[in-house]
Number of protein chains: 2
Amino acid sequence: MGATSKRAVSNSLGLAVLGLLMESPTHPHAMAATLRERGMDRVFKVTTGSLYDVVRALERAGWIETRETLRVGARPERTVYQHTALGREEFVRWVDELIRVPADEYPKFMSAVSYLGALGPDGAAAALRERAGRVRASLEEIRQGHREVLEAGEVPRLFVVEAEYAVRMLEAELGWLEEITADIGTSRLAWPEPVTGWVRGDGEARRGRRRHEEVR
Amino acid sequence: MGATSKRAVSNSLGLAVLGLLMESPTHPHAMAATLRERGMDRVFKVTTGSLYDVVRALERAGWIETRETLRVGARPERTVYQHTALGREEFVRWVDELIRVPADEYPKFMSAVSYLGALGPDGAAAALRERAGRVRASLEEIRQGHREVLEAGEVPRLFVVEAEYAVRMLEAELGWLEEITADIGTSRLAWPEPVTGWVRGDGEARRGRRRHEEVR
DNA sequence: CGTCGAATACTCGGTTCCGACTGATAGGAG
DNA sequence: CTCCTATCAGTCGGAACCGAGTATTCGACG
């Protein structure tokens, strides 16, 4: 329900590339460098391999084009790209769509949570607490970075809203972690019998989640 | 910092497969069916292609093994798998690690948010409101499903905690969406001048985010 | 009794992704 | 002046991913 027909380039790193080219033409290596300098590698997964692929894809799609390909000294040639008119339009369209319709994502954490049972009450509590610690740390880091940038007054809030989003999400996760950990302690979240066996790995633990099918 | 050396199978769908096999041996097609029946396809991305790949990978890794390969009628053969001792251990270890150490994920929404500027104040507000609507809908859906399952009393809470997590996260997102939309209305989130040009796509809009590098 | 759609059980092959590697140069240490 | 490291710019090949196809069988319905 939604997904408009299929986008020519789907890797969001492409969005970053387009974004960079909105400012001025550059070559891939410089893109990677800039993205890292600006800390945007917290938002986009920047890997050289993918970068070059994505740039090629954007070119095939006609959203960007090579402006010149020049060599300085005997270093490998570098290809400078710039956006096309189409690219400028698509950039906006792309952002718009990503905002309007939530993509279904499959966070690894959630898949693990759905098998929380396997750790047993104590193991689960321990693991959750450890995660909580790490989440608290990165939360603090982001909060601080955000505050510093804003207080320096160089950058308008608009350009760092994504940090506010990240903070909100991490806070929510932390809240959930704390609640669940507490509930394990008070047995408001209890381990039903069959699963405890399952955890011990007795191999033939019948009946897992809901009523289970035979192989037929 | 973290990522323990490299996991033999990384696709979380593998976790689902292991989970299924904890209950009883099955063949891939049945796994897919069961996962969908139980609505676990909201948590794991279930695509036939990947499923068969992942199963093969799990076998290579020695976490599962084929139990028998039988043919009913003249239908394609089906291969029934079962877990190995190693598989049972790794399953737990895997869940444990996924919980303990937050994987860095790159939600598409966040990448779009970091270019929210491109939509201009009105466009942004509109898009955010539309998303909010959709988020509210799926939130309601999950909440209701969760309530029904629990009230039926068949399934212990432990087996549906991931829904509680999902709800929390969606609520947080919704909260953020509402706040930001409001802030755009009251200009607490303002569009600095250069960007407005950028949005109109005047192509040569110098100076995007922070001070920008020349191509050198 | 024929046929049409759903279910059964997978295969295939094209993208996409990405980490490891290459190979050159500039700048500083000794 | 030589070596050593950091930076520069990108290639490459293998893994992962996934959607579209294939071929059979069962059951319902007119």
# chains A, B, ... in the order shown; residues from 1 in each chain; ligands from 1

$ residues_around --residues "Asp183 in chain A" --least-positions-apart "4" --cutoff "12 Å" --atoms "only C-alpha atoms (C1' of nucleotides)" --output "JSON, numbers by chain"
{"A": [121, 122, 124, 125, 128, 176, 177, 178, 179, 187, 188, 189, 190, 191], "B": [157, 158, 161]}

$ write_last_selection --atoms "C-alpha atoms" --output "CSV table (one decimal), in the first residue's frame"
chain,number,residue,atom,x,y,z
A,121,PRO,CA,14.5,-14.0,32.7
A,122,ASP,CA,18.0,-13.4,34.1
A,124,ALA,CA,17.2,-11.1,29.3
A,125,ALA,CA,17.4,-8.6,32.1
A,128,LEU,CA,18.6,-5.4,28.3
A,176,TRP,CA,11.0,0.8,27.0
A,177,LEU,CA,14.2,-1.0,28.1
A,178,GLU,CA,13.8,0.3,31.6
A,179,GLU,CA,10.1,-0.6,31.8
A,187,SER,CA,7.5,-10.8,37.3
A,188,ARG,CA,4.9,-8.7,35.5
A,189,LEU,CA,6.7,-10.1,32.5
A,190,ALA,CA,6.9,-13.8,33.3
A,191,TRP,CA,8.5,-16.8,31.6
B,157,ARG,CA,2.9,-11.4,27.2
B,158,LEU,CA,6.5,-12.5,26.7
B,161,VAL,CA,6.7,-7.7,23.8

$ closest_atom_pairs --of "chain C" --to "chain A" --cutoff "8 Å" --atoms "only C-alpha atoms (C1' of nucleotides)" --output "JSON lines"
{"residue": "C:DC17", "atom": "C1'", "partner": "A:Ser50", "partner_atom": "CA", "distance": 6.0}
{"residue": "C:DC18", "atom": "C1'", "partner": "A:Gly49", "partner_atom": "CA", "distance": 5.5}
{"residue": "C:DG19", "atom": "C1'", "partner": "A:Gly49", "partner_atom": "CA", "distance": 7.9}
{"residue": "C:DA24", "atom": "C1'", "partner": "A:Arg75", "partner_atom": "CA", "distance": 5.8}
{"residue": "C:DT25", "atom": "C1'", "partner": "A:Arg75", "partner_atom": "CA", "distance": 7.2}

$ atom_distance --atom1 "CA of Gly185 in chain A" --atom2 "CA of Ala103 in chain B"
25.8 Å

$ closest_residue --among "A:Leu15, A:Val43, A:Glu154, A:Arg78" --to "chain D" --atoms "only C-alpha atoms (C1' of nucleotides)"
A:Arg78

$ interface_residues --of "chain D" --to "chain A" --cutoff "8 Å" --atoms "only C-alpha atoms (C1' of nucleotides)" --output "list of chain:residue names"
D:DC8, D:DA9, D:DG10

$ write_last_selection --atoms "N, CA and C atoms (P, O5', C5', C4', C3', O3' and C1' of nucleotides)" --output "compact mmCIF listing (two decimals), in the first residue's frame"
# COMPACT_ATOMS: atom_id res chain seq x y z
P DC D 8 43.02 13.46 1.51
O5' DC D 8 43.39 12.78 0.12
C5' DC D 8 44.39 13.36 -0.72
C4' DC D 8 44.46 12.57 -2.01
C3' DC D 8 43.10 12.36 -2.68
O3' DC D 8 43.17 12.83 -4.01
C1' DC D 8 44.27 10.31 -2.48
P DA D 9 41.88 13.27 -4.70
O5' DA D 9 41.37 11.88 -5.28
C5' DA D 9 41.86 11.44 -6.55
C4' DA D 9 41.40 10.03 -6.81
C3' DA D 9 39.89 9.82 -6.74
O3' DA D 9 39.40 9.72 -8.08
C1' DA D 9 41.11 8.01 -5.80
P DG D 10 37.86 9.37 -8.33
O5' DG D 10 37.92 7.79 -8.33
C5' DG D 10 38.96 7.22 -9.13
C4' DG D 10 39.19 5.81 -8.76
C3' DG D 10 37.99 4.90 -9.05
O3' DG D 10 38.28 4.12 -10.17
C1' DG D 10 39.15 4.31 -7.07

$ select_by_dssp --residues "range 98-161 of chain B" --states "alpha helix (DSSP H)" --output "VMD selection string"
chain B and resid 98 to 100 108 to 113 120 to 152 161

$ write_last_selection --atoms "C-alpha atoms" --output "short mmCIF file (atom, residue, chain, number, x, y, z; two decimals), in the first residue's frame"
data_model
loop_
_atom_site.label_atom_id
_atom_site.label_comp_id
_atom_site.auth_asym_id
_atom_site.auth_seq_id
_atom_site.Cartn_x
_atom_site.Cartn_y
_atom_site.Cartn_z
CA LEU B 98 21.59 -8.31 19.11
CA ILE B 99 20.09 -7.14 22.38
CA ARG B 100 23.30 -6.14 24.13
CA LYS B 108 15.46 6.03 5.56
CA PHE B 109 13.24 8.49 7.31
CA MET B 110 16.13 10.03 9.15
CA SER B 111 18.09 10.55 5.95
CA ALA B 112 15.10 12.33 4.48
CA VAL B 113 14.68 14.45 7.59
CA GLY B 120 10.32 24.48 2.13
CA PRO B 121 8.25 25.27 5.21
CA ASP B 122 4.86 24.51 3.70
CA GLY B 123 5.90 21.44 1.80
CA ALA B 124 7.63 20.07 4.85
CA ALA B 125 4.66 20.66 7.10
CA ALA B 126 2.34 18.99 4.62
CA ALA B 127 4.56 15.95 4.21
CA LEU B 128 5.07 15.59 7.94
CA ARG B 129 1.33 15.78 8.53
CA GLU B 130 0.67 13.10 5.97
CA ARG B 131 3.20 10.84 7.59
CA ALA B 132 1.71 11.51 10.98
CA GLY B 133 -1.62 10.27 9.65
CA ARG B 134 -0.16 7.04 8.42
CA VAL B 135 1.83 6.51 11.58
CA ARG B 136 -1.30 7.03 13.66
CA ALA B 137 -3.05 4.40 11.58
CA SER B 138 -0.45 1.69 11.92
CA LEU B 139 -0.06 2.55 15.58
CA GLU B 140 -3.75 1.95 16.11
CA GLU B 141 -3.56 -1.28 14.18
CA ILE B 142 -0.71 -2.66 16.22
CA ARG B 143 -2.21 -1.54 19.51
CA GLN B 144 -5.46 -3.23 18.69
CA GLY B 145 -3.87 -6.46 17.51
CA HIS B 146 -1.79 -6.56 20.63
CA ARG B 147 -4.78 -5.96 22.91
CA GLU B 148 -6.84 -8.64 21.20
CA VAL B 149 -4.13 -11.24 21.43
CA LEU B 150 -3.56 -10.55 25.10
CA GLU B 151 -7.23 -10.47 25.99
CA ALA B 152 -7.78 -13.81 24.29
CA VAL B 161 6.70 -7.73 23.76
#

$ select_by_dssp --residues "range 44-161 of chain B" --states "strand (DSSP E)" --output "PyMOL selection string"
chain B and resi 64-70+78-83

$ residues_around --residues "DT15 in chain C" --least-positions-apart "6" --cutoff "12 Å" --atoms "only C-alpha atoms (C1' of nucleotides)" --output "PyMOL selection string"
(chain A and resi 8-10+53+57) or (chain D and resi 16-19)

$ residues_around --residues "DA28 in chain D" --least-positions-apart "4" --cutoff "12 Å" --atoms "only C-alpha atoms (C1' of nucleotides)" --output "PyMOL selection string"
chain C and resi 3-6

$ atom_distance --atom1 "CA of Trp63 in chain B" --atom2 "CA of Ala85 in chain B"
7.5 Å

$ atom_distance --atom1 "CA of His83 in chain A" --atom2 "CA of Glu37 in chain A"
21.8 Å

$ decode --residues "chain C" --atoms "C-alpha atoms (C1' of nucleotides)" --output "mmCIF file, in the first residue's frame"
data_model
loop_
_atom_site.group_PDB
_atom_site.id
_atom_site.type_symbol
_atom_site.label_atom_id
_atom_site.label_comp_id
_atom_site.auth_asym_id
_atom_site.auth_seq_id
_atom_site.Cartn_x
_atom_site.Cartn_y
_atom_site.Cartn_z
ATOM 1 C "C1'" DC C 1 -16.524 -33.234 -16.325
ATOM 2 C "C1'" DG C 2 -13.583 -29.328 -17.486
ATOM 3 C "C1'" DT C 3 -11.269 -25.377 -16.083
ATOM 4 C "C1'" DC C 4 -9.729 -21.672 -13.295
ATOM 5 C "C1'" DG C 5 -7.603 -20.025 -9.374
ATOM 6 C "C1'" DA C 6 -5.054 -20.967 -5.244
ATOM 7 C "C1'" DA C 7 -1.627 -23.344 -3.037
ATOM 8 C "C1'" DT C 8 2.802 -26.074 -3.160
ATOM 9 C "C1'" DA C 9 7.758 -25.871 -3.479
ATOM 10 C "C1'" DC C 10 11.280 -24.011 -5.160
ATOM 11 C "C1'" DT C 11 14.929 -21.972 -8.991
ATOM 12 C "C1'" DC C 12 17.066 -18.428 -11.473
ATOM 13 C "C1'" DG C 13 19.479 -14.538 -12.588
ATOM 14 C "C1'" DG C 14 20.035 -9.845 -12.237
ATOM 15 C "C1'" DT C 15 21.000 -6.176 -9.395
ATOM 16 C "C1'" DT C 16 23.068 -4.090 -5.055
ATOM 17 C "C1'" DC C 17 26.264 -3.974 -1.517
ATOM 18 C "C1'" DC C 18 30.505 -3.663 0.449
ATOM 19 C "C1'" DG C 19 35.136 -4.691 2.426
ATOM 20 C "C1'" DA C 20 39.671 -5.515 0.998
ATOM 21 C "C1'" DC C 21 42.931 -4.294 -2.004
ATOM 22 C "C1'" DT C 22 45.901 -1.329 -5.324
ATOM 23 C "C1'" DG C 23 49.160 1.965 -6.352
ATOM 24 C "C1'" DA C 24 50.600 6.434 -6.621
ATOM 25 C "C1'" DT C 25 52.194 10.874 -4.263
ATOM 26 C "C1'" DA C 26 53.237 14.428 -0.732
ATOM 27 C "C1'" DG C 27 55.204 15.534 3.588
ATOM 28 C "C1'" DG C 28 57.841 14.874 7.624
ATOM 29 C "C1'" DA C 29 61.444 12.136 10.668
ATOM 30 C "C1'" DG C 30 65.897 10.833 11.025
#
